[in-house]
Structure formats: C-alpha cells, structure tokens
file input_10.txt (compact mmCIF, C-alpha atoms)
# COMPACT_ATOMS: atom_id res chain seq x y z
CA SER A 1 3.25 16.45 12.72
CA GLN A 2 0.17 14.55 13.89
CA LYS A 3 -0.29 11.18 12.27
CA ILE A 4 -2.62 8.18 12.50
CA GLU A 5 -1.56 4.95 10.83
CA GLN A 6 -3.42 1.77 10.10
CA ASN A 7 -2.14 -1.22 8.17
CA SER A 8 -2.70 -0.29 4.56
CA GLU A 9 -2.34 -3.90 3.46
CA ALA A 10 -5.51 -5.97 3.46
CA LEU A 11 -5.87 -8.56 6.19
CA ASN A 12 -7.01 -12.00 5.00
CA ILE A 13 -8.11 -14.54 7.59
CA GLN A 14 -10.06 -17.78 7.76
CA GLU A 15 -13.59 -17.87 9.12
CA GLY A 16 -13.67 -18.62 12.84
CA LYS A 17 -10.28 -17.05 13.57
CA THR A 18 -9.67 -13.79 15.46
CA ALA A 19 -8.90 -10.73 13.37
CA THR A 20 -6.64 -8.10 14.94
CA LEU A 21 -6.34 -4.64 13.43
CA THR A 22 -3.87 -2.00 14.59
CA CYS A 23 -4.12 1.78 14.88
CA ASN A 24 -0.99 3.75 15.82
CA TYR A 25 -0.78 7.48 16.36
CA THR A 26 1.94 10.07 16.96
CA ASN A 27 1.92 13.60 18.34
CA TYR A 28 -1.59 13.28 19.73
CA SER A 29 -3.00 13.09 23.22
CA PRO A 30 -6.53 12.01 22.38
CA ALA A 31 -9.30 11.96 24.96
CA TYR A 32 -10.95 9.09 23.07
CA LEU A 33 -10.62 6.84 20.07
CA GLN A 34 -13.37 5.43 17.86
CA TRP A 35 -13.65 2.53 15.44
CA TYR A 36 -15.91 2.51 12.39
CA ARG A 37 -16.86 -0.05 9.77
CA GLN A 38 -17.26 0.92 6.12
CA ASP A 39 -18.77 -1.27 3.41
CA PRO A 40 -18.12 -0.51 -0.28
CA GLY A 41 -20.20 2.41 -1.55
CA ARG A 42 -21.54 3.24 1.93
CA GLY A 43 -20.76 5.72 4.68
CA PRO A 44 -18.83 4.61 7.78
CA VAL A 45 -20.84 3.14 10.66
CA PHE A 46 -19.79 3.61 14.28
CA LEU A 47 -18.76 0.48 16.20
CA LEU A 48 -17.04 1.39 19.47
CA LEU A 49 -15.65 4.34 21.43
CA ILE A 50 -12.94 3.96 24.08
CA ARG A 51 -11.83 6.78 26.37
CA GLU A 52 -8.26 7.53 27.47
CA ASN A 53 -8.91 6.21 30.99
CA GLU A 54 -10.28 2.88 29.67
CA LYS A 55 -7.90 0.05 28.83
CA GLU A 56 -10.41 -2.21 27.10
CA LYS A 57 -13.96 -2.21 25.79
CA ARG A 58 -16.11 -5.06 24.49
CA LYS A 59 -19.26 -5.31 22.43
CA GLU A 60 -20.43 -8.78 21.42
CA ARG A 61 -17.58 -10.27 19.32
CA LEU A 62 -15.66 -6.98 19.22
CA LYS A 63 -12.92 -5.90 21.61
CA VAL A 64 -10.91 -2.69 21.56
CA THR A 65 -7.84 -1.85 23.62
CA PHE A 66 -6.28 1.57 24.08
CA ASP A 67 -2.67 1.96 25.26
CA THR A 68 -1.84 5.67 25.66
CA THR A 69 1.77 4.85 26.54
CA LEU A 70 2.34 2.88 23.31
CA LYS A 71 0.01 5.28 21.46
CA GLN A 72 -1.81 2.33 19.99
CA SER A 73 -5.27 0.80 19.76
CA LEU A 74 -5.97 -2.80 18.82
CA PHE A 75 -9.34 -3.89 17.40
CA HIS A 76 -10.23 -7.57 17.65
CA ILE A 77 -13.06 -9.51 16.03
CA THR A 78 -13.39 -12.97 17.53
CA ALA A 79 -14.98 -15.93 15.72
CA SER A 80 -14.85 -13.92 12.50
CA GLN A 81 -17.44 -14.47 9.76
CA PRO A 82 -17.46 -13.63 6.03
CA ALA A 83 -20.03 -10.92 6.89
CA ASP A 84 -17.28 -9.15 8.87
CA SER A 85 -15.45 -8.44 5.61
CA ALA A 86 -15.23 -4.64 5.30
CA THR A 87 -12.87 -1.73 5.80
CA TYR A 88 -12.31 -0.70 9.41
CA LEU A 89 -11.34 2.86 10.29
CA CYS A 90 -9.96 4.25 13.53
CA ALA A 91 -10.47 7.90 14.47
CA LEU A 92 -9.17 10.20 17.21
CA ASP A 93 -10.53 13.47 18.49
CA GLY A 94 -8.44 16.09 16.72
CA SER A 95 -8.77 18.75 19.40
CA SER A 96 -10.39 19.02 22.77
CA ASN A 97 -14.16 19.11 22.88
CA THR A 98 -14.87 20.09 19.29
CA GLY A 99 -16.07 16.75 17.97
CA LYS A 100 -13.44 17.08 15.26
CA LEU A 101 -12.25 13.59 14.27
CA ILE A 102 -9.04 12.66 12.48
CA PHE A 103 -9.27 9.31 10.66
CA GLY A 104 -6.74 6.69 9.77
CA GLN A 105 -6.72 5.42 6.19
CA GLY A 106 -8.46 2.18 7.12
CA THR A 107 -7.62 -1.53 6.93
CA THR A 108 -9.59 -3.87 4.68
CA LEU A 109 -10.48 -7.21 6.27
CA GLN A 110 -11.38 -10.21 4.14
CA VAL A 111 -12.76 -13.26 5.97
CA LYS A 112 -12.72 -16.40 3.84
CA PRO A 113 -15.18 -19.24 4.44
CA ASN B 1 -35.88 9.13 11.53
CA ALA B 2 -34.13 9.48 8.18
CA GLY B 3 -30.77 10.09 9.94
CA VAL B 4 -28.27 11.95 7.74
CA THR B 5 -29.32 12.49 4.14
CA GLN B 6 -27.16 13.74 1.29
CA THR B 7 -28.06 14.88 -2.21
CA PRO B 8 -27.17 14.27 -4.94
CA LYS B 9 -25.77 10.72 -4.87
CA PHE B 10 -23.70 11.29 -8.03
CA GLN B 11 -22.59 14.45 -9.83
CA VAL B 12 -20.39 15.24 -12.80
CA LEU B 13 -19.09 18.79 -13.19
CA LYS B 14 -16.87 20.57 -15.63
CA THR B 15 -13.83 22.47 -14.40
CA GLY B 16 -14.85 25.91 -13.18
CA GLN B 17 -18.49 25.08 -12.46
CA SER B 18 -19.92 25.65 -9.00
CA MET B 19 -22.37 23.52 -7.07
CA THR B 20 -23.76 22.83 -3.61
CA LEU B 21 -23.79 19.44 -1.95
CA GLN B 22 -26.75 19.18 0.40
CA CYS B 23 -26.70 17.57 3.85
CA ALA B 24 -29.53 17.36 6.36
CA GLN B 25 -30.04 15.53 9.66
CA ASP B 26 -33.19 15.03 11.72
CA MET B 27 -31.57 13.95 15.01
CA ASN B 28 -31.14 17.47 16.46
CA HIS B 29 -27.36 17.00 16.58
CA GLU B 30 -25.24 20.05 17.38
CA TYR B 31 -22.17 18.91 15.50
CA MET B 32 -21.96 18.44 11.72
CA SER B 33 -18.99 17.92 9.45
CA TRP B 34 -17.94 17.33 5.87
CA TYR B 35 -15.26 14.84 4.83
CA ARG B 36 -13.78 13.79 1.54
CA GLN B 37 -12.52 10.27 0.93
CA ASP B 38 -9.89 9.48 -1.65
CA PRO B 39 -8.27 6.08 -2.32
CA GLY B 40 -5.52 5.35 0.21
CA MET B 41 -6.10 8.66 2.02
CA GLY B 42 -8.87 7.83 4.45
CA LEU B 43 -11.41 10.47 5.43
CA ARG B 44 -10.15 14.04 5.56
CA LEU B 45 -12.09 16.77 7.33
CA ILE B 46 -13.06 19.73 5.13
CA HIS B 47 -15.23 21.92 7.39
CA TYR B 48 -17.21 21.40 10.56
CA SER B 49 -19.79 23.16 12.71
CA VAL B 50 -20.53 22.91 16.44
CA GLY B 51 -23.90 24.63 16.13
CA ALA B 52 -26.05 26.94 14.01
CA GLY B 53 -24.07 30.01 12.99
CA ILE B 54 -20.69 28.50 13.93
CA THR B 55 -18.35 26.91 11.39
CA ASP B 56 -14.63 26.20 11.26
CA GLN B 57 -12.05 24.80 8.89
CA GLY B 58 -10.77 21.27 8.92
CA GLU B 59 -7.69 19.79 7.32
CA VAL B 60 -8.50 20.50 3.63
CA PRO B 61 -10.81 23.56 3.42
CA ASN B 62 -9.47 25.27 0.28
CA GLY B 63 -12.00 25.51 -2.55
CA TYR B 64 -14.99 24.83 -0.29
CA ASN B 65 -17.42 27.04 1.63
CA VAL B 66 -19.97 26.14 4.28
CA SER B 67 -22.65 27.86 6.30
CA ARG B 68 -24.98 26.62 9.06
CA SER B 69 -28.14 28.67 9.31
CA THR B 70 -30.19 25.90 10.96
CA THR B 71 -29.40 22.92 13.19
CA GLU B 72 -30.65 20.54 10.50
CA ASP B 73 -28.79 21.67 7.36
CA PHE B 74 -25.10 21.97 6.51
CA PRO B 75 -24.53 22.55 2.76
CA LEU B 76 -21.07 22.37 1.19
CA ARG B 77 -20.36 24.74 -1.71
CA LEU B 78 -17.73 24.17 -4.35
CA LEU B 79 -16.88 27.62 -5.67
CA SER B 80 -15.03 26.72 -8.88
CA ALA B 81 -14.66 22.97 -9.33
CA ALA B 82 -11.23 21.51 -10.13
CA PRO B 83 -10.28 17.92 -11.10
CA SER B 84 -8.49 17.61 -7.73
CA GLN B 85 -11.92 17.82 -6.09
CA THR B 86 -12.99 14.53 -7.67
CA SER B 87 -13.78 12.46 -4.62
CA VAL B 88 -16.50 10.91 -2.48
CA TYR B 89 -17.95 13.39 0.00
CA PHE B 90 -19.48 12.36 3.31
CA CYS B 91 -21.49 14.47 5.71
CA ALA B 92 -21.71 13.44 9.37
CA SER B 93 -23.45 14.58 12.54
CA SER B 94 -22.90 13.97 16.23
CA TYR B 95 -24.48 14.80 19.55
CA TYR B 96 -22.77 16.18 22.63
CA SER B 97 -23.20 14.48 25.98
CA GLY B 98 -20.28 15.23 28.27
CA GLY B 99 -18.08 14.98 25.19
CA TYR B 100 -18.73 14.28 21.54
CA ASN B 101 -19.77 10.78 20.73
CA GLU B 102 -20.29 8.61 17.67
CA GLN B 103 -20.66 10.27 14.33
CA PHE B 104 -23.55 9.33 12.07
CA PHE B 105 -22.61 9.41 8.40
CA GLY B 106 -24.69 10.01 5.33
CA PRO B 107 -24.52 7.73 2.26
CA GLY B 108 -22.08 9.98 0.41
CA THR B 109 -21.96 11.98 -2.83
CA ARG B 110 -19.65 10.74 -5.57
CA LEU B 111 -18.34 13.80 -7.46
CA THR B 112 -16.37 13.74 -10.71
CA VAL B 113 -14.83 16.93 -12.08
CA LEU B 114 -13.79 16.77 -15.73
call {"tool": "encode", "arguments": {"input": "input_10.txt", "output": "structure tokens"}}
result
Amino acid sequence: SQKIEQNSEALNIQEGKTATLTCNYTNYSPAYLQWYRQDPGRGPVFLLLIRENEKEKRKERLKVTFDTTLKQSLFHITASQPADSATYLCALDGSSNTGKLIFGQGTTLQVKP
Amino acid sequence: NAGVTQTPKFQVLKTGQSMTLQCAQDMNHEYMSWYRQDPGMGLRLIHYSVGAGITDQGEVPNGYNVSRSTTEDFPLRLLSAAPSQTSVYFCASSYYSGGYNEQFFGPGTRLTVL
C-alpha cells in the first residue's frame, strides 16, 4: 500500500545549527513533493515544491532535495532560529493531475536558544 | 484578499446531530479540498473538487458529504455525527498552472462530538 513516513519523534537542535528532516515514501511515483509548515492551532503554510526532475531547490535558509531512486526527500533549515520551531509536513501528489495531496504525519522541530 | 475562510472555528455536537462546516475562498482557485487532522495521523483527505459541479472522494469519505455549486464555496456536511469524527478540519484551495501547485489552507474548525 502507499505510504509516506516522516520522523514521528520531535527533533531538538541548538540555535544556529542545521536542521534536517526526512520524508520517505513507498509505492508512489509522485510528479512533485511539497513541504509545509504548521504552527499550533493554525493551518499548514506552503514552503517549497520540488518536481520529480529537480534534484534540489532552495529558498532563503531552506533547501529541499528529492531522490526518486531512494524515494526520499530531505528538508534542511540552515542557521536555525527559535522562530523555526514548528511542525513540518511533507506531501506528495496522490494521483496524476488532480491536485490531490497525501500528507506525512509531520515532524516537530524545536530550536533551542 | 481574505484567502480561505472557515466557519465556525469551534463546534460541539451530540452524537447523531448533523451540521455543515463552511469553507470559502476568494482567489478563484479551481481546486478545493477538505482534510481532517488527528494526533499522530497527519492530514487525511476527506473529499476534493477540481471545479464547480465536480467532487470526488479522498481517503476517509465515510460520514461526510460535499457539493460544489460555485467556484468560491465548498461546504462539508456531517450527516449524523459520531465521536470518531472529533477532529480538526481544514479546508484548502489550489490553482492549476501546468500542474497543481501550493495549497492554501484555512484556519481550521475544531469539532468535538460527544
């Protein structure tokens, strides 16, 4: 069956370090993968989209990689700040061209000053 | 632009009651969807729509109905509420431009069924 997995354990890091979050999937061939940020009590907010023919994408302190052979995406936040503390969700297109997204369960990041 | 709006923010129902969760967007997006979020489960797709008059089921559609009579509105109806439907519900919309892009989420409705 199709499955998306993110580290369910919270990730605790020190301010200034690089945070790396993992998203693994099985039995999918997604055309793209997205990353969202969710703060407590709020809806998710889009961060980055990476397509199957892109290996890497950057936006300010954020970097996403997409390895379709390993079926894995890595999400990096460099020079992390306490304000980066949130839950980060990855999502794949569930079927071609419908906009239907399948989400992972999210990883909570805590950046300590 | 208000973006995606949802009402109500909070709701408590008794088992067997019915209600409609409202969702509206003012971005002229073709695609709209409803998700529920439960602890440790992530977001699960309930129903979605790729345009007015077109809806389809997601991963967990049982107990919920939707319709899409206009581009702007996508209400979610709970037919006979059950405690298992206690959850946080999010509505989202997206535009199409050579493929579907980022989804814009509403603030959510926290529903408790007693």
call {"tool": "closest_residue", "arguments": {"input": "input_10.txt", "among": "B:Val113, B:Leu76, B:Val60, B:Val66", "to": "chain A", "atoms": "only C-alpha atoms"}}
result
B:Val60
call {"tool": "interface_residues", "arguments": {"input": "input_10.txt", "of": "chain A", "to": "chain B", "cutoff": "7 Å", "atoms": "only C-alpha atoms", "output": "ChimeraX atom specification"}}
result
/A:42-46,97-99,103-106
call {"tool": "residues_around", "arguments": {"input": "input_10.txt", "residues": "A:Thr87", "least_positions_apart": "5", "cutoff": "8 Å", "atoms": "only C-alpha atoms", "output": "list in words"}}
result
Arg37, Gln38, Asp39, Gly106, Thr107, Thr108 and Leu109 of chain A
call {"tool": "residues_around", "arguments": {"input": "input_10.txt", "residues": "stretch 69-75 of chain B", "least_positions_apart": "3", "cutoff": "8 Å", "atoms": "only C-alpha atoms", "output": "count of residues only"}}
result
16
call {"tool": "residues_around", "arguments": {"input": "input_10.txt", "residues": "A:Asp84", "least_positions_apart": "6", "cutoff": "9 Å", "atoms": "only C-alpha atoms", "output": "PyMOL selection string"}}
result
chain A and resi 77+109-111
call {"tool": "closest_residue", "arguments": {"input": "input_10.txt", "among": "B:Leu13, B:Leu111, B:Ile54, B:Met19", "to": "B:Arg68", "atoms": "only C-alpha atoms"}}
result
B:Ile54
call {"tool": "closest_residue", "arguments": {"input": "input_10.txt", "among": "A:Ala79, A:Leu33, A:Leu62, A:Ala86", "to": "A:Gly16", "atoms": "only C-alpha atoms"}}
result
A:Ala79
call {"tool": "atom_distance", "arguments": {"input": "input_10.txt", "atom1": "atom CA of A:Leu21", "atom2": "atom CA of B:Ile46"}}
result
26.6 Å
call {"tool": "closest_residue", "arguments": {"input": "input_10.txt", "among": "A:Leu92, A:Glu9, A:Glu60, A:Pro82", "to": "A:Asn27", "atoms": "only C-alpha atoms"}}
result
A:Leu92
call {"tool": "residues_around", "arguments": {"input": "input_10.txt", "residues": "A:Tyr28", "least_positions_apart": "3", "cutoff": "10 Å", "atoms": "all atoms listed in the file", "output": "mmCIF file with C-alpha atoms, in the frame of the given file"}}
result
data_model
loop_
_atom_site.group_PDB
_atom_site.id
_atom_site.type_symbol
_atom_site.label_atom_id
_atom_site.label_comp_id
_atom_site.auth_asym_id
_atom_site.auth_seq_id
_atom_site.Cartn_x
_atom_site.Cartn_y
_atom_site.Cartn_z
ATOM 1 C CA SER A 1 3.250 16.450 12.720
ATOM 2 C CA GLN A 2 0.170 14.550 13.890
ATOM 3 C CA LYS A 3 -0.290 11.180 12.270
ATOM 4 C CA ILE A 4 -2.620 8.180 12.500
ATOM 5 C CA TYR A 25 -0.780 7.480 16.360
ATOM 6 C CA ALA A 31 -9.300 11.960 24.960
ATOM 7 C CA THR A 68 -1.840 5.670 25.660
ATOM 8 C CA LYS A 71 0.010 5.280 21.460
ATOM 9 C CA LEU A 92 -9.170 10.200 17.210
ATOM 10 C CA ASP A 93 -10.530 13.470 18.490
ATOM 11 C CA GLY A 94 -8.440 16.090 16.720
ATOM 12 C CA SER A 95 -8.770 18.750 19.400
#
call {"tool": "decode", "arguments": {"input": "input_10.txt", "residues": "chain A", "atoms": "C-alpha atoms", "output": "CSV table (one decimal), in the first residue's frame"}}
result
chain,number,residue,atom,x,y,z
A,1,SER,CA,0.0,0.0,0.0
A,2,GLN,CA,1.1,3.6,-0.5
A,3,LYS,CA,2.8,5.1,2.5
A,4,ILE,CA,4.6,8.4,3.4
A,5,GLU,CA,6.7,8.4,6.6
A,6,GLN,CA,8.2,11.3,8.5
A,7,ASN,CA,10.1,11.0,11.8
A,8,SER,CA,7.4,11.0,14.4
A,9,GLU,CA,9.9,11.8,17.1
A,10,ALA,CA,10.5,15.5,17.7
A,11,LEU,CA,13.8,17.0,16.5
A,12,ASN,CA,15.6,19.2,19.1
A,13,ILE,CA,18.5,21.3,17.9
A,14,GLN,CA,20.5,24.2,19.1
A,15,GLU,CA,20.1,27.6,17.5
A,16,GLY,CA,22.5,28.2,14.6
A,17,LYS,CA,22.7,24.6,13.6
A,18,THR,CA,21.2,23.0,10.5
A,19,ALA,CA,18.0,21.0,11.0
A,20,THR,CA,17.5,18.1,8.6
A,21,LEU,CA,14.0,16.5,8.3
A,22,THR,CA,13.3,13.3,6.3
A,23,CYS,CA,10.3,12.2,4.2
A,24,ASN,CA,10.3,8.7,2.9
A,25,TYR,CA,7.6,7.2,0.6
A,26,THR,CA,6.8,3.8,-0.8
A,27,ASN,CA,4.6,2.6,-3.7
A,28,TYR,CA,4.3,6.1,-5.2
A,29,SER,CA,5.7,7.7,-8.3
A,30,PRO,CA,5.0,11.3,-7.5
A,31,ALA,CA,5.4,14.1,-10.0
A,32,TYR,CA,6.2,16.5,-7.2
A,33,LEU,CA,6.6,16.8,-3.5
A,34,GLN,CA,5.7,19.7,-1.2
A,35,TRP,CA,6.8,20.9,2.2
A,36,TYR,CA,4.5,22.8,4.6
A,37,ARG,CA,5.0,24.4,8.0
A,38,GLN,CA,2.3,24.2,10.7
A,39,ASP,CA,2.2,26.2,13.9
A,40,PRO,CA,0.0,25.1,16.8
A,41,GLY,CA,-3.7,25.9,16.3
A,42,ARG,CA,-3.1,27.1,12.7
A,43,GLY,CA,-3.5,25.7,9.2
A,44,PRO,CA,-0.4,24.5,7.3
A,45,VAL,CA,1.5,27.1,5.2
A,46,PHE,CA,3.3,26.1,2.0
A,47,LEU,CA,7.1,26.4,1.9
A,48,LEU,CA,8.5,24.7,-1.1
A,49,LEU,CA,7.6,22.5,-4.1
A,50,ILE,CA,10.1,20.3,-5.9
A,51,ARG,CA,9.3,18.4,-9.1
A,52,GLU,CA,10.5,14.8,-10.0
A,53,ASN,CA,13.1,16.1,-12.5
A,54,GLU,CA,14.6,18.5,-9.9
A,55,LYS,CA,17.3,17.3,-7.5
A,56,GLU,CA,17.4,20.3,-5.2
A,57,LYS,CA,15.6,23.5,-4.5
A,58,ARG,CA,16.5,26.4,-2.3
A,59,LYS,CA,14.6,29.3,-0.8
A,60,GLU,CA,16.5,31.6,1.6
A,61,ARG,CA,17.6,29.3,4.5
A,62,LEU,CA,15.6,26.4,3.2
A,63,LYS,CA,16.8,23.6,1.0
A,64,VAL,CA,14.9,20.6,-0.3
A,65,THR,CA,16.3,17.5,-2.1
A,66,PHE,CA,14.3,14.9,-3.9
A,67,ASP,CA,15.8,11.5,-4.7
A,68,THR,CA,13.3,9.4,-6.7
A,69,THR,CA,15.6,6.4,-6.6
A,70,LEU,CA,15.8,6.3,-2.8
A,71,LYS,CA,12.2,7.5,-2.6
A,72,GLN,CA,13.2,10.2,-0.2
A,73,SER,CA,13.1,13.9,0.3
A,74,LEU,CA,15.3,15.8,2.8
A,75,PHE,CA,14.4,19.3,4.1
A,76,HIS,CA,17.1,21.4,5.6
A,77,ILE,CA,16.9,24.6,7.5
A,78,THR,CA,20.3,26.3,7.9
A,79,ALA,CA,21.3,28.7,10.7
A,80,SER,CA,18.1,27.6,12.5
A,81,GLN,CA,16.4,30.1,14.8
A,82,PRO,CA,13.9,29.6,17.7
A,83,ALA,CA,11.2,31.1,15.3
A,84,ASP,CA,11.7,28.0,13.1
A,85,SER,CA,10.2,25.8,15.8
A,86,ALA,CA,7.0,24.2,14.3
A,87,THR,CA,5.7,21.0,12.7
A,88,TYR,CA,6.9,20.4,9.2
A,89,LEU,CA,4.8,18.3,6.8
A,90,CYS,CA,5.7,16.7,3.5
A,91,ALA,CA,3.1,15.9,0.9
A,92,LEU,CA,3.0,14.1,-2.4
A,93,ASP,CA,0.5,14.3,-5.3
A,94,GLY,CA,-1.7,11.3,-4.7
A,95,SER,CA,-2.6,10.8,-8.4
A,96,SER,CA,-1.8,12.5,-11.6
A,97,ASN,CA,-3.1,15.9,-12.2
A,98,THR,CA,-5.8,16.0,-9.7
A,99,GLY,CA,-4.2,18.2,-7.1
A,100,LYS,CA,-4.9,15.5,-4.6
A,101,LEU,CA,-2.2,15.6,-1.9
A,102,ILE,CA,-1.2,12.8,0.5
A,103,PHE,CA,0.5,14.1,3.7
A,104,GLY,CA,3.0,12.6,6.0
A,105,GLN,CA,2.3,12.8,9.7
A,106,GLY,CA,4.7,15.6,10.3
A,107,THR,CA,7.9,16.1,12.3
A,108,THR,CA,8.0,18.7,15.1
A,109,LEU,CA,11.2,20.8,15.2
A,110,GLN,CA,12.2,22.6,18.4
A,111,VAL,CA,15.1,25.0,18.1
A,112,LYS,CA,16.6,26.0,21.5
A,113,PRO,CA,18.4,29.3,22.0
